[in-house]
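Peer 1: First the structure, then my questions, so here it is.
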Amino acid sequence: MSIGLGTLRALLARDLKVTRRNLGSLLLRAVMQPLAFTFGFAYVLPAIGDSFGGGHGQPGFSTVLVPGLVAITIAVQGITSVLMPMLIEMTYTKQIEDRALAPVPLWVIGLQKVISAAVQTLLAAAVVFPVVLLVHGAGARPEVHVHDWPLFLAVLVLSCLLAASFGLLLGTLFEITKVQNLVAVVITPMTVLGCVYFPWASLDALPWLQYATLLNPVMYVSEALRACLTPGVPHLPVWACLLALTGGTVLALSLIHIS
């Protein structure tokens, strides 16, 4: 009994020491997610008021929301489809070492991860699209229609590649064992402020935030999908979205190559 209690005290002491060492990141993870949601829903939405959806003949909120929810699915699924396998391969199975020693350039391994994650993300988008389209309240049916199928498919593919490439970039810039920090510090704010719940044009009430979101890749996914699915909702020009999706993927992959 005394041995067991001594072991318990030693284990608890070790955990407390680790907690003290990582107290900063722990507090940051605890604060960032509620801060991001509070900022998005308690500050941004009231600030832009009725400038989107639901009144004066404008599309309803459910219509605005459908492309955004598909976008957030693509962003989160694309990033995690790269990060989660990397975490397992680098910590548990150690398979990454075997792949790095394979007689192929490292860029082949990275490209394989991006393509594999993009395919998984495309499947996730195909599954979530009918869900967000069909699940709605009474009288709140979203007005969604694919007006240009080739453009819609191109946007989906480019968005999935961008999300997967960004996930690989994050995995190479940060310690993969601290992936929980990425979720709190990067992914959550990026998705909450990625024009998922409101179109980019409605942020004209907050000009500083409107320009800041131009650095957010999720915003371009949301706006590109709105251009394809809900053209009646204000959105960025299609050419600008396609340029950002393509250029963002190339930039992310080039930064991975440099690192």
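Chains: A, B, ... in order of the structure tokens. Residues: from 1 per chain. Ligands: from 1, in order shown.
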Could you pull out the residues in range 142-224 of chain A that DSSP calls alpha helix (DSSP H) from the backbone, as number ranges by chain?

Peer 2: A: 149-173, 179-182, 188-192, 207-212, 217-224

Peer 1: Looking at only C-alpha atoms, which of A:Pro234, A:Gly110, A:Pro142, A:Gly248 is the one that sits closest to Phe198 in chain A?

Peer 2: A:Pro234

Peer 1: Write out as a ChimeraX atom specification the residues lying within 8 Å of range 212-224 of chain A, counting only C-alpha atoms and excluding same-chain residues fewer than 4 positions away.

Peer 2: /A:67-68,70-72,75,155,159,162,190-191,193-196,199-200,208,228,235-236,238,241-242,244-245,248

Peer 1: Skip Val146 in chain A itself and residues of its chain fewer than 6 positions away, then list as a PyMOL selection string all residues within 12 Å of it, counting only C-alpha atoms.

Peer 2: chain A and resi 67+129+152-153+155+225-231
